[in-house]
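What follows is final_37.pdb (PDB, C-alpha atoms, pLDDT in the B column).
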ATOM      1  CA  MET A   1     134.276 -18.773  47.152  1.00 57.00           C
ATOM      2  CA  SER A   2     132.091 -15.761  46.542  1.00 64.00           C
ATOM      3  CA  GLN A   3     128.337 -16.076  46.833  1.00 85.00           C
ATOM      4  CA  LEU A   4     126.806 -17.787  43.797  1.00 93.00           C
ATOM      5  CA  VAL A   5     123.439 -16.688  42.453  1.00 95.00           C
ATOM      6  CA  VAL A   6     121.112 -18.440  40.034  1.00 97.00           C
ATOM      7  CA  GLY A   7     121.731 -17.358  36.455  1.00 97.00           C
ATOM      8  CA  GLN A   8     125.213 -16.099  37.220  1.00 97.00           C
ATOM      9  CA  GLU A   9     127.778 -16.520  34.458  1.00 97.00           C
ATOM     10  CA  LEU A  10     131.062 -17.639  35.979  1.00 97.00           C
ATOM     11  CA  ALA A  11     134.436 -16.460  34.715  1.00 96.00           C
ATOM     12  CA  GLY A  12     135.886 -18.942  32.256  1.00 97.00           C
ATOM     13  CA  SER A  13     139.217 -20.758  32.271  1.00 97.00           C
ATOM     14  CA  GLU A  14     141.396 -21.849  29.412  1.00 98.00           C
ATOM     15  CA  PHE A  15     143.282 -25.133  29.328  1.00 98.00           C
ATOM     16  CA  THR A  16     145.983 -26.250  26.916  1.00 98.00           C
ATOM     17  CA  ILE A  17     145.821 -29.717  25.392  1.00 98.00           C
ATOM     18  CA  ASN A  18     148.780 -31.066  23.455  1.00 98.00           C
ATOM     19  CA  ARG A  19     150.306 -34.437  22.613  1.00 98.00           C
ATOM     20  CA  LYS A  20     152.429 -34.458  25.759  1.00 98.00           C
ATOM     21  CA  LEU A  21     149.346 -33.944  27.903  1.00 98.00           C
ATOM     22  CA  LEU A  22     147.648 -36.872  26.152  1.00 98.00           C
ATOM     23  CA  VAL A  23     150.589 -39.133  26.987  1.00 98.00           C
ATOM     24  CA  ASP A  24     150.643 -37.887  30.578  1.00 98.00           C
ATOM     25  CA  TYR A  25     146.887 -38.401  30.922  1.00 98.00           C
ATOM     26  CA  ALA A  26     147.136 -41.889  29.433  1.00 96.00           C
ATOM     27  CA  ASP A  27     149.763 -42.740  32.050  1.00 96.00           C
ATOM     28  CA  ALA A  28     147.753 -41.234  34.908  1.00 97.00           C
ATOM     29  CA  SER A  29     144.422 -42.761  33.909  1.00 95.00           C
ATOM     30  CA  GLY A  30     145.553 -46.064  32.442  1.00 92.00           C
ATOM     31  CA  ASP A  31     143.720 -45.371  29.177  1.00 90.00           C
ATOM     32  CA  GLN A  32     146.385 -46.276  26.626  1.00 90.00           C
ATOM     33  CA  ASN A  33     144.059 -46.447  23.619  1.00 89.00           C
ATOM     34  CA  PRO A  34     146.386 -45.621  20.679  1.00 91.00           C
ATOM     35  CA  ILE A  35     143.836 -43.244  19.090  1.00 91.00           C
ATOM     36  CA  HIS A  36     144.994 -40.771  21.759  1.00 94.00           C
ATOM     37  CA  GLN A  37     148.705 -41.080  20.988  1.00 95.00           C
ATOM     38  CA  ASP A  38     149.439 -42.657  17.626  1.00 95.00           C
ATOM     39  CA  GLU A  39     148.629 -40.524  14.592  1.00 96.00           C
ATOM     40  CA  ASP A  40     148.931 -43.384  12.092  1.00 96.00           C
ATOM     41  CA  PHE A  41     146.660 -45.583  14.175  1.00 93.00           C
ATOM     42  CA  ALA A  42     144.102 -42.800  14.661  1.00 92.00           C
ATOM     43  CA  LYS A  43     143.956 -42.161  10.913  1.00 93.00           C
ATOM     44  CA  SER A  44     143.734 -45.891  10.187  1.00 91.00           C
ATOM     45  CA  VAL A  45     140.454 -46.035  12.117  1.00 86.00           C
ATOM     46  CA  GLY A  46     139.003 -43.054  10.273  1.00 88.00           C
ATOM     47  CA  LEU A  47     139.847 -40.209  12.643  1.00 90.00           C
ATOM     48  CA  PRO A  48     141.264 -36.940  11.284  1.00 94.00           C
ATOM     49  CA  ASP A  49     144.237 -37.128  13.653  1.00 96.00           C
ATOM     50  CA  VAL A  50     145.024 -38.042  17.255  1.00 96.00           C
ATOM     51  CA  ILE A  51     142.095 -37.094  19.479  1.00 95.00           C
ATOM     52  CA  ALA A  52     142.082 -36.280  23.175  1.00 96.00           C
ATOM     53  CA  HIS A  53     140.539 -38.716  25.628  1.00 96.00           C
ATOM     54  CA  GLY A  54     136.964 -37.592  26.261  1.00 95.00           C
ATOM     55  CA  MET A  55     137.748 -38.211  29.906  1.00 96.00           C
ATOM     56  CA  LEU A  56     140.688 -35.795  29.722  1.00 98.00           C
ATOM     57  CA  THR A  57     138.374 -33.046  28.475  1.00 98.00           C
ATOM     58  CA  MET A  58     135.972 -33.971  31.240  1.00 98.00           C
ATOM     59  CA  ALA A  59     138.788 -34.009  33.811  1.00 98.00           C
ATOM     60  CA  LEU A  60     139.748 -30.463  32.769  1.00 98.00           C
ATOM     61  CA  ALA A  61     136.115 -29.371  33.025  1.00 98.00           C
ATOM     62  CA  GLY A  62     136.186 -31.012  36.468  1.00 97.00           C
ATOM     63  CA  ARG A  63     139.266 -28.972  37.269  1.00 97.00           C
ATOM     64  CA  TYR A  64     137.217 -25.878  36.408  1.00 97.00           C
ATOM     65  CA  LEU A  65     134.477 -27.016  38.816  1.00 96.00           C
ATOM     66  CA  SER A  66     137.160 -27.510  41.450  1.00 95.00           C
ATOM     67  CA  GLU A  67     138.397 -23.950  40.835  1.00 94.00           C
ATOM     68  CA  ILE A  68     134.933 -22.678  41.694  1.00 93.00           C
ATOM     69  CA  ALA A  69     134.459 -24.619  44.882  1.00 90.00           C
ATOM     70  CA  GLY A  70     137.404 -26.878  45.724  1.00 93.00           C
ATOM     71  CA  SER A  71     137.583 -30.440  44.448  1.00 94.00           C
ATOM     72  CA  GLU A  72     136.201 -31.850  47.725  1.00 95.00           C
ATOM     73  CA  LYS A  73     132.916 -30.026  47.057  1.00 96.00           C
ATOM     74  CA  VAL A  74     132.150 -31.685  43.735  1.00 97.00           C
ATOM     75  CA  ILE A  75     129.540 -34.386  44.358  1.00 97.00           C
ATOM     76  CA  SER A  76     128.086 -34.992  40.913  1.00 98.00           C
ATOM     77  CA  PHE A  77     129.445 -34.471  37.439  1.00 98.00           C
ATOM     78  CA  SER A  78     128.175 -35.593  34.055  1.00 98.00           C
ATOM     79  CA  ALA A  79     128.817 -34.876  30.382  1.00 98.00           C
ATOM     80  CA  LYS A  80     128.264 -36.195  26.901  1.00 98.00           C
ATOM     81  CA  PHE A  81     131.162 -36.369  24.472  1.00 97.00           C
ATOM     82  CA  ILE A  82     129.659 -34.728  21.408  1.00 96.00           C
ATOM     83  CA  LYS A  83     132.708 -33.749  19.344  1.00 95.00           C
ATOM     84  CA  PRO A  84     136.281 -35.019  19.439  1.00 94.00           C
ATOM     85  CA  VAL A  85     139.119 -32.699  20.443  1.00 97.00           C
ATOM     86  CA  VAL A  86     141.610 -33.148  17.608  1.00 97.00           C
ATOM     87  CA  VAL A  87     145.222 -32.677  18.717  1.00 98.00           C
ATOM     88  CA  PRO A  88     147.686 -32.245  15.823  1.00 97.00           C
ATOM     89  CA  ASN A  89     151.393 -32.728  16.433  1.00 96.00           C
ATOM     90  CA  ASN A  90     153.250 -29.728  17.903  1.00 96.00           C
ATOM     91  CA  ILE A  91     150.051 -27.735  18.385  1.00 96.00           C
ATOM     92  CA  ASP A  92     148.690 -26.405  21.652  1.00 98.00           C
ATOM     93  CA  VAL A  93     144.932 -26.809  21.402  1.00 98.00           C
ATOM     94  CA  LYS A  94     142.968 -24.444  23.620  1.00 98.00           C
ATOM     95  CA  LEU A  95     139.973 -25.673  25.591  1.00 98.00           C
ATOM     96  CA  ALA A  96     137.786 -22.890  26.956  1.00 98.00           C
ATOM     97  CA  VAL A  97     135.560 -23.873  29.880  1.00 98.00           C
ATOM     98  CA  SER A  98     132.935 -21.648  31.419  1.00 98.00           C
ATOM     99  CA  GLY A  99     129.989 -22.136  33.726  1.00 98.00           C
ATOM    100  CA  LYS A 100     126.594 -20.817  34.600  1.00 98.00           C
ATOM    101  CA  VAL A 101     124.697 -21.334  37.855  1.00 98.00           C
ATOM    102  CA  LEU A 102     121.507 -23.232  36.969  1.00 98.00           C
ATOM    103  CA  GLU A 103     120.005 -23.914  40.402  1.00 97.00           C
ATOM    104  CA  ILE A 104     120.740 -23.462  44.078  1.00 97.00           C
ATOM    105  CA  ASN A 105     118.898 -25.793  46.438  1.00 95.00           C
ATOM    106  CA  ASP A 106     119.568 -27.211  49.905  1.00 93.00           C
ATOM    107  CA  GLY A 107     123.154 -25.986  49.986  1.00 94.00           C
ATOM    108  CA  LEU A 108     123.913 -27.410  46.553  1.00 96.00           C
ATOM    109  CA  ALA A 109     124.596 -25.480  43.360  1.00 97.00           C
ATOM    110  CA  LYS A 110     124.075 -27.001  39.944  1.00 98.00           C
ATOM    111  CA  ILE A 111     126.503 -25.562  37.407  1.00 98.00           C
ATOM    112  CA  GLU A 112     126.086 -25.899  33.666  1.00 98.00           C
ATOM    113  CA  LEU A 113     129.443 -26.145  31.955  1.00 98.00           C
ATOM    114  CA  THR A 114     130.390 -25.162  28.427  1.00 98.00           C
ATOM    115  CA  ALA A 115     133.586 -26.551  26.918  1.00 98.00           C
ATOM    116  CA  ILE A 116     134.679 -25.121  23.588  1.00 98.00           C
ATOM    117  CA  CYS A 117     137.580 -26.046  21.374  1.00 97.00           C
ATOM    118  CA  ASN A 118     138.197 -24.244  18.034  1.00 95.00           C
ATOM    119  CA  ASP A 119     134.743 -22.625  18.286  1.00 96.00           C
ATOM    120  CA  VAL A 120     133.038 -26.025  18.621  1.00 97.00           C
ATOM    121  CA  LYS A 121     131.262 -27.322  21.726  1.00 98.00           C
ATOM    122  CA  VAL A 122     132.939 -30.582  22.654  1.00 98.00           C
ATOM    123  CA  LEU A 123     130.915 -31.512  25.747  1.00 98.00           C
ATOM    124  CA  GLY A 124     127.141 -31.670  25.791  1.00 97.00           C
ATOM    125  CA  MET A 125     124.788 -31.571  28.767  1.00 97.00           C
ATOM    126  CA  ALA A 126     127.791 -30.962  31.008  1.00 98.00           C
ATOM    127  CA  LYS A 127     126.670 -30.353  34.572  1.00 98.00           C
ATOM    128  CA  GLY A 128     128.266 -30.420  37.957  1.00 98.00           C
ATOM    129  CA  VAL A 129     126.784 -30.228  41.430  1.00 98.00           C
ATOM    130  CA  ILE A 130     128.876 -28.592  44.134  1.00 97.00           C
ATOM    131  CA  LYS A 131     128.336 -28.251  47.866  1.00 96.00           C
ATOM    132  CA  LEU A 132     128.207 -24.657  49.019  1.00 92.00           C
TER
ATOM    133  CA  MET B   1     127.481 -58.304  19.625  1.00 65.00           C
ATOM    134  CA  LEU B   2     126.804 -58.304  23.317  1.00 69.00           C
ATOM    135  CA  ASN B   3     125.158 -61.355  24.756  1.00 73.00           C
ATOM    136  CA  PRO B   4     121.735 -60.040  25.934  1.00 74.00           C
ATOM    137  CA  ASP B   5     121.826 -62.453  28.872  1.00 77.00           C
ATOM    138  CA  LEU B   6     124.591 -60.305  30.358  1.00 80.00           C
ATOM    139  CA  VAL B   7     122.381 -57.235  30.728  1.00 86.00           C
ATOM    140  CA  GLY B   8     121.572 -56.672  34.370  1.00 86.00           C
ATOM    141  CA  ARG B   9     124.345 -58.880  35.635  1.00 83.00           C
ATOM    142  CA  THR B  10     126.852 -57.491  38.088  1.00 85.00           C
ATOM    143  CA  PHE B  11     130.499 -58.428  37.924  1.00 86.00           C
ATOM    144  CA  THR B  12     132.577 -57.806  41.015  1.00 86.00           C
ATOM    145  CA  SER B  13     136.358 -57.656  40.908  1.00 84.00           C
ATOM    146  CA  ALA B  14     138.090 -60.465  42.727  1.00 81.00           C
ATOM    147  CA  ASP B  15     140.921 -58.206  43.844  1.00 87.00           C
ATOM    148  CA  SER B  16     140.649 -54.953  45.716  1.00 93.00           C
ATOM    149  CA  VAL B  17     142.363 -51.800  44.479  1.00 94.00           C
ATOM    150  CA  THR B  18     144.344 -49.661  46.913  1.00 96.00           C
ATOM    151  CA  VAL B  19     144.527 -45.987  46.007  1.00 97.00           C
ATOM    152  CA  THR B  20     148.055 -44.624  46.323  1.00 98.00           C
ATOM    153  CA  GLN B  21     149.103 -41.043  46.963  1.00 98.00           C
ATOM    154  CA  GLU B  22     151.294 -41.340  43.882  1.00 98.00           C
ATOM    155  CA  SER B  23     148.309 -42.149  41.661  1.00 97.00           C
ATOM    156  CA  ILE B  24     146.296 -39.214  43.045  1.00 98.00           C
ATOM    157  CA  SER B  25     149.225 -36.802  42.701  1.00 98.00           C
ATOM    158  CA  LYS B  26     149.908 -37.959  39.161  1.00 98.00           C
ATOM    159  CA  PHE B  27     146.292 -37.540  38.065  1.00 98.00           C
ATOM    160  CA  ALA B  28     145.972 -34.164  39.794  1.00 98.00           C
ATOM    161  CA  GLY B  29     149.287 -33.016  38.293  1.00 98.00           C
ATOM    162  CA  VAL B  30     148.170 -33.756  34.737  1.00 97.00           C
ATOM    163  CA  ILE B  31     145.092 -31.541  35.049  1.00 97.00           C
ATOM    164  CA  GLY B  32     146.783 -28.834  37.116  1.00 96.00           C
ATOM    165  CA  GLU B  33     144.887 -29.533  40.326  1.00 97.00           C
ATOM    166  CA  PRO B  34     146.937 -28.267  43.278  1.00 96.00           C
ATOM    167  CA  ASN B  35     144.978 -30.162  45.972  1.00 96.00           C
ATOM    168  CA  THR B  36     146.415 -33.651  46.193  1.00 97.00           C
ATOM    169  CA  ASN B  37     144.943 -34.459  49.613  1.00 97.00           C
ATOM    170  CA  ILE B  38     141.943 -35.897  47.815  1.00 97.00           C
ATOM    171  CA  ALA B  39     141.435 -37.292  44.345  1.00 98.00           C
ATOM    172  CA  PRO B  40     140.024 -35.044  41.600  1.00 98.00           C
ATOM    173  CA  PRO B  41     136.335 -35.647  40.718  1.00 97.00           C
ATOM    174  CA  THR B  42     137.007 -37.865  37.687  1.00 98.00           C
ATOM    175  CA  PHE B  43     139.901 -39.843  39.220  1.00 98.00           C
ATOM    176  CA  SER B  44     137.762 -42.935  39.778  1.00 97.00           C
ATOM    177  CA  ILE B  45     137.789 -43.607  36.020  1.00 96.00           C
ATOM    178  CA  SER B  46     141.387 -44.780  36.458  1.00 95.00           C
ATOM    179  CA  ILE B  47     140.048 -47.584  38.672  1.00 94.00           C
ATOM    180  CA  THR B  48     136.804 -48.421  36.896  1.00 92.00           C
ATOM    181  CA  LEU B  49     138.081 -48.238  33.306  1.00 87.00           C
ATOM    182  CA  ASP B  50     140.178 -51.351  33.632  1.00 82.00           C
ATOM    183  CA  GLN B  51     137.302 -53.273  35.167  1.00 81.00           C
ATOM    184  CA  SER B  52     134.745 -52.193  32.582  1.00 78.00           C
ATOM    185  CA  GLN B  53     137.154 -52.991  29.741  1.00 78.00           C
ATOM    186  CA  LYS B  54     137.598 -56.509  31.076  1.00 78.00           C
ATOM    187  CA  LEU B  55     133.874 -56.901  31.554  1.00 76.00           C
ATOM    188  CA  LEU B  56     133.067 -55.853  28.014  1.00 75.00           C
ATOM    189  CA  GLN B  57     135.856 -57.888  26.472  1.00 74.00           C
ATOM    190  CA  ASP B  58     134.615 -60.929  28.382  1.00 76.00           C
ATOM    191  CA  SER B  59     131.148 -60.067  27.077  1.00 75.00           C
ATOM    192  CA  GLY B  60     132.341 -60.333  23.495  1.00 76.00           C
ATOM    193  CA  LEU B  61     132.594 -56.655  22.579  1.00 75.00           C
ATOM    194  CA  ASP B  62     135.486 -55.347  20.517  1.00 74.00           C
ATOM    195  CA  TRP B  63     137.073 -52.751  22.790  1.00 71.00           C
ATOM    196  CA  THR B  64     139.049 -51.212  19.908  1.00 70.00           C
ATOM    197  CA  ARG B  65     135.755 -50.076  18.354  1.00 76.00           C
ATOM    198  CA  VAL B  66     134.426 -48.464  21.497  1.00 81.00           C
ATOM    199  CA  VAL B  67     133.693 -44.734  21.611  1.00 84.00           C
ATOM    200  CA  HIS B  68     132.818 -43.044  24.878  1.00 89.00           C
ATOM    201  CA  GLY B  69     129.325 -41.542  24.631  1.00 93.00           C
ATOM    202  CA  ASP B  70     128.799 -40.023  28.026  1.00 96.00           C
ATOM    203  CA  GLN B  71     129.929 -40.254  31.621  1.00 97.00           C
ATOM    204  CA  ARG B  72     128.454 -39.484  35.008  1.00 98.00           C
ATOM    205  CA  PHE B  73     129.945 -39.529  38.496  1.00 98.00           C
ATOM    206  CA  GLU B  74     128.116 -39.475  41.814  1.00 98.00           C
ATOM    207  CA  ILE B  75     130.673 -38.874  44.540  1.00 98.00           C
ATOM    208  CA  ASN B  76     129.499 -39.648  48.069  1.00 98.00           C
ATOM    209  CA  ARG B  77     132.841 -38.640  49.510  1.00 97.00           C
ATOM    210  CA  PRO B  78     136.197 -37.756  47.950  1.00 97.00           C
ATOM    211  CA  ILE B  79     138.601 -40.601  47.306  1.00 98.00           C
ATOM    212  CA  VAL B  80     141.775 -40.413  49.407  1.00 98.00           C
ATOM    213  CA  ALA B  81     145.092 -42.254  49.444  1.00 98.00           C
ATOM    214  CA  GLY B  82     144.792 -45.525  51.309  1.00 97.00           C
ATOM    215  CA  ASP B  83     141.228 -46.201  50.182  1.00 97.00           C
ATOM    216  CA  VAL B  84     140.755 -49.875  49.422  1.00 97.00           C
ATOM    217  CA  PHE B  85     138.024 -50.454  46.870  1.00 96.00           C
ATOM    218  CA  ILE B  86     136.103 -53.351  45.503  1.00 95.00           C
ATOM    219  CA  CYS B  87     134.740 -52.436  42.089  1.00 94.00           C
ATOM    220  CA  SER B  88     131.510 -53.903  40.806  1.00 93.00           C
ATOM    221  CA  SER B  89     130.205 -53.229  37.322  1.00 92.00           C
ATOM    222  CA  THR B  90     126.766 -53.842  35.895  1.00 91.00           C
ATOM    223  CA  ILE B  91     125.700 -53.720  32.264  1.00 90.00           C
ATOM    224  CA  GLU B  92     122.510 -51.728  32.777  1.00 93.00           C
ATOM    225  CA  SER B  93     121.370 -51.744  29.171  1.00 91.00           C
ATOM    226  CA  ALA B  94     122.451 -52.669  25.677  1.00 89.00           C
ATOM    227  CA  ARG B  95     120.669 -51.673  22.514  1.00 89.00           C
ATOM    228  CA  ASN B  96     121.414 -51.568  18.852  1.00 87.00           C
ATOM    229  CA  VAL B  97     120.948 -48.285  17.020  1.00 86.00           C
ATOM    230  CA  ALA B  98     121.704 -48.148  13.300  1.00 86.00           C
ATOM    231  CA  GLY B  99     124.145 -51.011  13.643  1.00 85.00           C
ATOM    232  CA  ASN B 100     125.995 -49.439  16.556  1.00 87.00           C
ATOM    233  CA  GLU B 101     125.738 -51.132  19.896  1.00 87.00           C
ATOM    234  CA  ILE B 102     125.083 -48.737  22.771  1.00 91.00           C
ATOM    235  CA  VAL B 103     125.984 -50.169  26.162  1.00 90.00           C
ATOM    236  CA  SER B 104     125.454 -48.531  29.539  1.00 92.00           C
ATOM    237  CA  VAL B 105     127.718 -49.676  32.340  1.00 92.00           C
ATOM    238  CA  ARG B 106     127.440 -48.687  35.968  1.00 95.00           C
ATOM    239  CA  SER B 107     130.474 -49.130  38.179  1.00 95.00           C
ATOM    240  CA  ASP B 108     130.413 -48.819  41.961  1.00 96.00           C
ATOM    241  CA  LEU B 109     133.420 -48.410  44.218  1.00 97.00           C
ATOM    242  CA  HIS B 110     132.821 -49.784  47.692  1.00 96.00           C
ATOM    243  CA  SER B 111     135.095 -49.317  50.666  1.00 96.00           C
ATOM    244  CA  GLY B 112     133.897 -52.060  52.977  1.00 94.00           C
ATOM    245  CA  SER B 113     130.115 -51.678  52.965  1.00 94.00           C
ATOM    246  CA  VAL B 114     130.252 -47.969  52.079  1.00 97.00           C
ATOM    247  CA  LEU B 115     129.501 -46.895  48.528  1.00 98.00           C
ATOM    248  CA  VAL B 116     132.016 -44.114  47.840  1.00 98.00           C
ATOM    249  CA  VAL B 117     131.602 -43.397  44.123  1.00 98.00           C
ATOM    250  CA  SER B 118     129.193 -44.555  41.439  1.00 98.00           C
ATOM    251  CA  THR B 119     129.902 -43.962  37.782  1.00 97.00           C
ATOM    252  CA  TRP B 120     127.831 -44.494  34.665  1.00 96.00           C
ATOM    253  CA  SER B 121     129.413 -44.814  31.233  1.00 94.00           C
ATOM    254  CA  THR B 122     127.659 -45.030  27.914  1.00 94.00           C
ATOM    255  CA  LEU B 123     129.852 -46.763  25.394  1.00 89.00           C
ATOM    256  CA  VAL B 124     129.140 -46.896  21.694  1.00 89.00           C
ATOM    257  CA  VAL B 125     130.556 -49.847  19.816  1.00 83.00           C
ATOM    258  CA  ARG B 126     130.826 -48.748  16.209  1.00 76.00           C
ATOM    259  CA  ALA B 127     129.555 -51.160  13.600  1.00 72.00           C
TER
END
Output the file's structure as structure tokens, nothing else.
Amino acid sequence: MSQLVVGQELAGSEFTINRKLLVDYADASGDQNPIHQDEDFAKSVGLPDVIAHGMLTMALAGRYLSEIAGSEKVISFSAKFIKPVVVPNNIDVKLAVSGKVLEINDGLAKIELTAICNDVKVLGMAKGVIKL
Amino acid sequence: MLNPDLVGRTFTSADSVTVTQESISKFAGVIGEPNTNIAPPTFSISITLDQSQKLLQDSGLDWTRVVHGDQRFEINRPIVAGDVFICSSTIESARNVAGNEIVSVRSDLHSGSVLVVSTWSTLVVRA
């Protein structure tokens, strides 16, 4: 990892979210809520379409943090789920994640994360703390 | 409607959960994480979700109406295969805002007496 400095904008990463990934994440996480897999069910509860698990979006943002430092260095991670990631059938939805170094203190760096899908911020107050 | 008497109570799982290499590799694989020697930062949700669902269902909340509001992880050390956890969950607060019930749940994963990961979830139960 190169030296981080406060205020630094970190290179972004792009992740692809599609229906297959939602099924795979449901299997890996145990979250089988049908709003993440079943279009008819999702619409029946007032959603525009199947939506991604908020925790999948957060897991991908966590993957971005791990790219910066290595997953063993991530000691704190938080986010609000402010907008759903809608995943239509047969579409690869792109999630763009980027970071900015907010603070460096006592060998820890606080990174502010931005996660954008179709020009909309989907995570709010997303922050990770990594060991340097 | 959540029974207000449940706020502040801690529920501890009767059974321990053993983390398998397969479960770590599967979770890491889905998000494209090449390091499978340790669990990715949000892996613990796969352990705590089940527990918090049971807790809230037992508390009278309709899980099918639950929306995830926010999530926080404090990771004291990475989770590794072979970890044996006892999960305890506490309803830290419950309040009603515009007919929606907003419930904060903290879940702790202990390995023996060592607290390995704490997570906080805010769940919104839609009216």
Set the distance at 10 Å and use only C-alpha atoms: which residues neighbour Asp27 in chain A once local chain neighbours fewer than 2 positions away are removed? I'd like the list as a list in words.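 That gives Leu21, Leu22, Val23, Asp24, Tyr25, Ser29, Gly30, Asp31 and Gln32 of chain A; Ser23, Lys26, Phe27, Val30 and Ser46 of chain B.
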Just need the box for range 54-67 of chain B, edges along x, y and z, holding every atom the file lists for it with 3 Å tacked onto each side, so centre and edge lengths in Å to one decimal, as lines of an AutoDock Vina configuration file.
center_x = 135.1
center_y = -52.8
center_z = 25.0
size_x = 13.9
size_y = 22.2
size_z = 19.2
Taking the file as shown, find all residues satisfying the PyMOL selection byres ((chain A) within 9 of (chain B)) and write them as an MDAnalysis selection string. chainID A and resid 15 21 24:25 27:31 33 45 53:56 58:60 62:63 66:67 70:82 124
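Note that the spacing between CA of Asp5 in chain B and CA of Val114 in chain B amounts to 28.6 Å.
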Could you state which residues are captured by the PyMOL selection byres ((chain A and resi 97) around 10) in this file, as a list in words?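 Selected by the PyMOL selection byres ((chain A and resi 97) around 10) in this file: Leu10, Ala11, Gly12, Ser13, Glu14, Phe15, Thr57, Leu60, Ala61, Gly62, Arg63, Tyr64, Leu65, Lys94, Leu95, Ala96, Ser98, Gly99, Leu113, Thr114, Ala115, Ile116, Cys117, Lys121 and Leu123 of chain A.
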